[in-house]
>>> print(open('run35.csv').read())   # CSV, N, CA, C and O atoms
chain,number,residue,atom,x,y,z
A,131,MET,N,9.9,-0.1,-11.9
A,131,MET,CA,9.3,1.2,-12.0
A,131,MET,C,7.8,1.0,-12.5
A,131,MET,O,7.6,0.2,-13.3
A,132,SER,N,6.9,1.7,-11.9
A,132,SER,CA,5.5,1.5,-12.2
A,132,SER,C,5.2,2.0,-13.6
A,132,SER,O,5.9,2.9,-14.1
A,133,GLY,N,4.1,1.6,-14.2
A,133,GLY,CA,3.7,2.1,-15.5
A,133,GLY,C,3.4,3.6,-15.5
A,133,GLY,O,3.8,4.3,-16.4
A,134,LEU,N,2.8,4.1,-14.4
A,134,LEU,CA,2.5,5.5,-14.3
A,134,LEU,C,3.8,6.3,-14.2
A,134,LEU,O,4.0,7.3,-14.9
A,135,SER,N,4.7,5.8,-13.4
A,135,SER,CA,6.0,6.5,-13.3
A,135,SER,C,6.7,6.6,-14.6
A,135,SER,O,7.3,7.6,-15.0
A,136,LYS,N,6.7,5.5,-15.4
A,136,LYS,CA,7.4,5.5,-16.7
A,136,LYS,C,6.7,6.5,-17.6
A,136,LYS,O,7.4,7.2,-18.3
A,137,ARG,N,5.4,6.5,-17.6
A,137,ARG,CA,4.7,7.4,-18.5
A,137,ARG,C,4.9,8.9,-18.1
A,137,ARG,O,5.1,9.7,-19.0
A,138,LEU,N,5.0,9.2,-16.8
A,138,LEU,CA,5.2,10.5,-16.4
A,138,LEU,C,6.6,11.0,-16.7
A,138,LEU,O,6.9,12.2,-16.8
A,139,GLN,N,7.6,10.1,-17.0
A,139,GLN,CA,8.9,10.5,-17.3
A,139,GLN,C,9.2,10.6,-18.8
A,139,GLN,O,10.3,11.0,-19.2
A,140,ARG,N,8.3,10.4,-19.6
A,140,ARG,CA,8.4,10.5,-21.0
A,140,ARG,C,8.7,12.0,-21.4
A,140,ARG,O,8.1,12.9,-20.9
A,141,THR,N,9.6,12.2,-22.3
A,141,THR,CA,9.9,13.5,-22.8
A,141,THR,C,8.8,14.1,-23.6
A,141,THR,O,8.7,15.3,-23.7
A,142,SER,N,8.0,13.3,-24.2
A,142,SER,CA,6.9,13.8,-25.1
A,142,SER,C,5.6,14.1,-24.3
A,142,SER,O,4.6,14.5,-24.9
A,143,LEU,N,5.6,13.8,-23.0
A,143,LEU,CA,4.4,14.0,-22.2
A,143,LEU,C,4.1,15.5,-22.0
A,143,LEU,O,4.9,16.3,-21.6
A,144,ASP,N,2.9,15.8,-22.3
A,144,ASP,CA,2.4,17.2,-22.0
A,144,ASP,C,2.0,17.3,-20.5
A,144,ASP,O,1.5,16.3,-19.9
A,145,ILE,N,2.3,18.4,-20.0
A,145,ILE,CA,2.0,18.6,-18.5
A,145,ILE,C,0.5,18.4,-18.2
A,145,ILE,O,0.2,17.8,-17.1
A,146,LEU,N,-0.4,18.8,-19.1
A,146,LEU,CA,-1.8,18.5,-18.8
A,146,LEU,C,-2.1,17.0,-18.9
A,146,LEU,O,-3.0,16.6,-18.1
A,147,GLN,N,-1.5,16.3,-19.8
A,147,GLN,CA,-1.7,14.9,-19.8
A,147,GLN,C,-1.3,14.2,-18.5
A,147,GLN,O,-1.9,13.3,-18.0
A,148,GLY,N,-0.1,14.6,-18.0
A,148,GLY,CA,0.4,14.1,-16.8
A,148,GLY,C,-0.5,14.4,-15.6
A,148,GLY,O,-0.8,13.5,-14.8
A,149,HIS,N,-1.1,15.6,-15.6
A,149,HIS,CA,-2.0,16.0,-14.5
A,149,HIS,C,-3.3,15.1,-14.6
A,149,HIS,O,-3.8,14.7,-13.6
A,150,ARG,N,-3.8,14.9,-15.8
A,150,ARG,CA,-5.0,14.1,-16.0
A,150,ARG,C,-4.7,12.6,-15.5
A,150,ARG,O,-5.6,12.0,-14.9
A,151,MET,N,-3.5,12.1,-15.9
A,151,MET,CA,-3.2,10.7,-15.5
A,151,MET,C,-3.2,10.6,-14.0
A,151,MET,O,-3.7,9.6,-13.4
A,152,ILE,N,-2.6,11.5,-13.3
A,152,ILE,CA,-2.5,11.5,-11.8
A,152,ILE,C,-3.9,11.7,-11.2
A,152,ILE,O,-4.3,11.0,-10.3
A,153,SER,N,-4.7,12.6,-11.8
A,153,SER,CA,-6.1,12.8,-11.3
A,153,SER,C,-6.9,11.5,-11.5
A,153,SER,O,-7.7,11.1,-10.6
A,154,ASP,N,-6.8,10.8,-12.6
A,154,ASP,CA,-7.5,9.6,-12.9
A,154,ASP,C,-7.1,8.5,-11.8
A,154,ASP,O,-8.0,7.8,-11.3
A,155,ILE,N,-5.8,8.4,-11.5
A,155,ILE,CA,-5.4,7.4,-10.5
A,155,ILE,C,-5.9,7.8,-9.2
A,155,ILE,O,-6.4,6.9,-8.4
A,156,ARG,N,-5.9,9.0,-8.8
A,156,ARG,CA,-6.4,9.4,-7.5
A,156,ARG,C,-7.9,9.1,-7.4
A,156,ARG,O,-8.3,8.7,-6.3
A,157,GLU,N,-8.6,9.4,-8.5
A,157,GLU,CA,-10.1,9.1,-8.4
A,157,GLU,C,-10.3,7.6,-8.3
A,157,GLU,O,-11.2,7.2,-7.5
A,158,THR,N,-9.6,6.8,-9.0
A,158,THR,CA,-9.7,5.4,-8.9
A,158,THR,C,-9.4,4.9,-7.5
A,158,THR,O,-10.2,4.1,-6.9
A,159,ILE,N,-8.4,5.4,-6.9
A,159,ILE,CA,-8.0,5.0,-5.5
A,159,ILE,C,-9.1,5.4,-4.6
A,159,ILE,O,-9.5,4.7,-3.7
A,160,SER,N,-9.6,6.6,-4.7
A,160,SER,CA,-10.7,7.2,-3.9
A,160,SER,C,-11.9,6.3,-4.0
A,160,SER,O,-12.6,6.0,-3.0
A,161,LYS,N,-12.3,6.0,-5.2
A,161,LYS,CA,-13.5,5.1,-5.4
A,161,LYS,C,-13.3,3.8,-4.8
A,161,LYS,O,-14.3,3.2,-4.1
A,162,THR,N,-12.1,3.2,-4.9
A,162,THR,CA,-11.9,1.9,-4.4
A,162,THR,C,-11.9,1.9,-2.8
A,162,THR,O,-12.5,1.0,-2.2
A,163,ARG,N,-11.4,3.0,-2.2
A,163,ARG,CA,-11.4,3.1,-0.8
A,163,ARG,C,-12.8,3.3,-0.3
A,163,ARG,O,-13.1,2.9,0.9
A,164,SER,N,-13.7,4.0,-1.0
A,164,SER,CA,-15.0,4.3,-0.5
A,164,SER,C,-15.9,3.0,-0.6
A,164,SER,O,-16.9,3.0,0.1
A,165,ASP,N,-15.6,2.1,-1.4
A,165,ASP,CA,-16.3,0.8,-1.5
A,165,ASP,C,-15.6,-0.2,-0.6
A,165,ASP,O,-14.7,-0.8,-1.0
A,166,GLU,N,-16.1,-0.4,0.6
A,166,GLU,CA,-15.5,-1.2,1.6
A,166,GLU,C,-15.2,-2.6,1.1
A,166,GLU,O,-14.2,-3.2,1.3
A,167,SER,N,-16.2,-3.2,0.4
A,167,SER,CA,-16.0,-4.6,0.0
A,167,SER,C,-14.9,-4.7,-1.1
A,167,SER,O,-14.1,-5.6,-1.1
A,168,LYS,N,-14.8,-3.7,-2.0
A,168,LYS,CA,-13.8,-3.7,-3.0
A,168,LYS,C,-12.4,-3.5,-2.3
A,168,LYS,O,-11.4,-4.2,-2.7
A,169,PHE,N,-12.4,-2.6,-1.4
A,169,PHE,CA,-11.1,-2.3,-0.7
A,169,PHE,C,-10.6,-3.5,0.1
A,169,PHE,O,-9.5,-3.9,0.1
A,170,ASP,N,-11.6,-4.2,0.8
A,170,ASP,CA,-11.2,-5.4,1.5
A,170,ASP,C,-10.6,-6.5,0.6
A,170,ASP,O,-9.7,-7.1,1.0
A,171,LYS,N,-11.2,-6.6,-0.6
A,171,LYS,CA,-10.7,-7.6,-1.5
A,171,LYS,C,-9.3,-7.3,-2.0
A,171,LYS,O,-8.5,-8.1,-2.1
A,172,VAL,N,-9.1,-6.0,-2.3
A,172,VAL,CA,-7.8,-5.5,-2.8
A,172,VAL,C,-6.8,-5.8,-1.6
A,172,VAL,O,-5.7,-6.3,-1.9
A,173,PHE,N,-7.2,-5.4,-0.4
A,173,PHE,CA,-6.3,-5.6,0.7
A,173,PHE,C,-5.9,-7.1,0.9
A,173,PHE,O,-4.7,-7.4,1.1
A,174,GLU,N,-6.9,-7.9,0.8
A,174,GLU,CA,-6.7,-9.4,1.0
A,174,GLU,C,-5.7,-9.9,-0.1
A,174,GLU,O,-4.8,-10.7,0.2
A,175,ASP,N,-5.9,-9.4,-1.3
A,175,ASP,CA,-5.1,-9.8,-2.5
A,175,ASP,C,-3.6,-9.3,-2.2
A,175,ASP,O,-2.7,-10.1,-2.5
A,176,MET,N,-3.5,-8.1,-1.7
A,176,MET,CA,-2.1,-7.6,-1.4
A,176,MET,C,-1.4,-8.4,-0.3
A,176,MET,O,-0.2,-8.7,-0.4
A,177,GLU,N,-2.2,-8.8,0.7
A,177,GLU,CA,-1.6,-9.6,1.8
A,177,GLU,C,-1.2,-11.0,1.2
A,177,GLU,O,-0.1,-11.5,1.6
A,178,GLN,N,-1.9,-11.6,0.3
A,178,GLN,CA,-1.5,-12.8,-0.3
A,178,GLN,C,-0.3,-12.7,-1.1
A,178,GLN,O,0.6,-13.5,-1.1
A,179,MET,N,-0.2,-11.6,-1.8
A,179,MET,CA,1.0,-11.3,-2.6
A,179,MET,C,2.3,-11.2,-1.8
A,179,MET,O,3.3,-11.7,-2.1
A,180,VAL,N,2.1,-10.5,-0.6
A,180,VAL,CA,3.2,-10.4,0.3
A,180,VAL,C,3.7,-11.8,0.8
A,180,VAL,O,4.9,-12.1,0.8
A,181,VAL,N,2.7,-12.6,1.2
A,181,VAL,CA,3.1,-13.9,1.7
A,181,VAL,C,3.7,-14.8,0.6
A,181,VAL,O,4.8,-15.4,0.8
A,182,LEU,N,3.2,-14.7,-0.6
A,182,LEU,CA,3.8,-15.4,-1.7
A,182,LEU,C,5.2,-15.0,-2.1
A,182,LEU,O,6.0,-15.7,-2.6
A,183,SER,N,5.5,-13.7,-1.8
A,183,SER,CA,6.8,-13.2,-2.1
A,183,SER,C,7.8,-13.4,-1.0
A,183,SER,O,9.0,-13.0,-1.1
A,184,GLY,N,7.4,-14.1,0.0
A,184,GLY,CA,8.3,-14.4,1.1
A,184,GLY,C,8.2,-13.5,2.3
A,184,GLY,O,8.9,-13.6,3.3
A,185,GLY,N,7.3,-12.5,2.2
A,185,GLY,CA,7.1,-11.6,3.3
A,185,GLY,C,6.2,-12.1,4.4
A,185,GLY,O,5.9,-13.3,4.4
A,186,THR,N,5.7,-11.3,5.2
A,186,THR,CA,4.8,-11.7,6.3
A,186,THR,C,3.5,-10.8,6.1
A,186,THR,O,3.6,-9.7,5.7
A,187,SER,N,2.4,-11.4,6.4
A,187,SER,CA,1.1,-10.7,6.4
A,187,SER,C,0.8,-10.0,7.7
A,187,SER,O,-0.3,-9.4,7.8
A,188,ASP,N,1.7,-10.1,8.7
A,188,ASP,CA,1.5,-9.4,9.9
A,188,ASP,C,1.7,-7.9,9.7
A,188,ASP,O,2.8,-7.4,9.5
A,189,HIS,N,0.6,-7.2,9.7
A,189,HIS,CA,0.6,-5.7,9.4
A,189,HIS,C,0.4,-4.9,10.7
A,189,HIS,O,-0.1,-3.8,10.7
A,190,SER,N,0.9,-5.5,11.8
A,190,SER,CA,0.8,-4.8,13.1
A,190,SER,C,1.6,-3.5,13.1
A,190,SER,O,1.3,-2.6,13.9
A,191,ASP,N,2.6,-3.4,12.3
A,191,ASP,CA,3.4,-2.1,12.3
A,191,ASP,C,3.1,-1.3,11.1
A,191,ASP,O,3.8,-0.3,10.8
A,192,ALA,N,2.0,-1.6,10.4
A,192,ALA,CA,1.6,-0.9,9.2
A,192,ALA,C,1.1,0.5,9.5
A,192,ALA,O,0.5,0.7,10.6
A,193,VAL,N,1.4,1.5,8.7
A,193,VAL,CA,0.9,2.8,8.9
A,193,VAL,C,-0.2,3.1,7.9
A,193,VAL,O,0.0,3.0,6.7
A,194,PHE,N,-1.3,3.5,8.4
A,194,PHE,CA,-2.5,3.8,7.5
A,194,PHE,C,-2.8,5.2,7.6
A,194,PHE,O,-2.8,5.9,8.5
>>> encode(input="run35.csv", output="structure tokens")
Amino acid sequence: MSGLSKRLQRTSLDILQGHRMISDIRETISKTRSDESKFDKVFEDMEQMVVLSGGTSDHSDAVF
């Protein structure tokens, strides 16, 4: 389970805190996607992780 998911499931979490956490993540993702070089680097790193985990880097069936 991801760190964000665990945090959002805490019983002590305030609804506004949860909303802020999600907004922050969305903003980070949006900024990363808008910076082509940064996005390309992240994508390359993810491809390497897939290969290292025994998967394939063939993303011909990927949905974007």
>>> atom_distance(input="run35.csv", atom1="atom CA of A:Leu134", atom2="atom CA of A:Met151")
7.8 Å
>>> atom_distance(input="run35.csv", atom1="atom C of A:Glu177", atom2="atom C of A:Ser160")
21.0 Å
>>> atom_distance(input="run35.csv", atom1="atom CA of A:Ser135", atom2="atom O of A:Thr162")
22.3 Å
>>> axis_aligned_box(input="run35.csv", around="stretch 142-154 of chain A", padding_each_side="6 Å", output="lines of an AutoDock Vina configuration file")
center_x = 0.0
center_y = 13.3
center_z = -17.7
size_x = 28.0
size_y = 23.0
size_z = 26.8
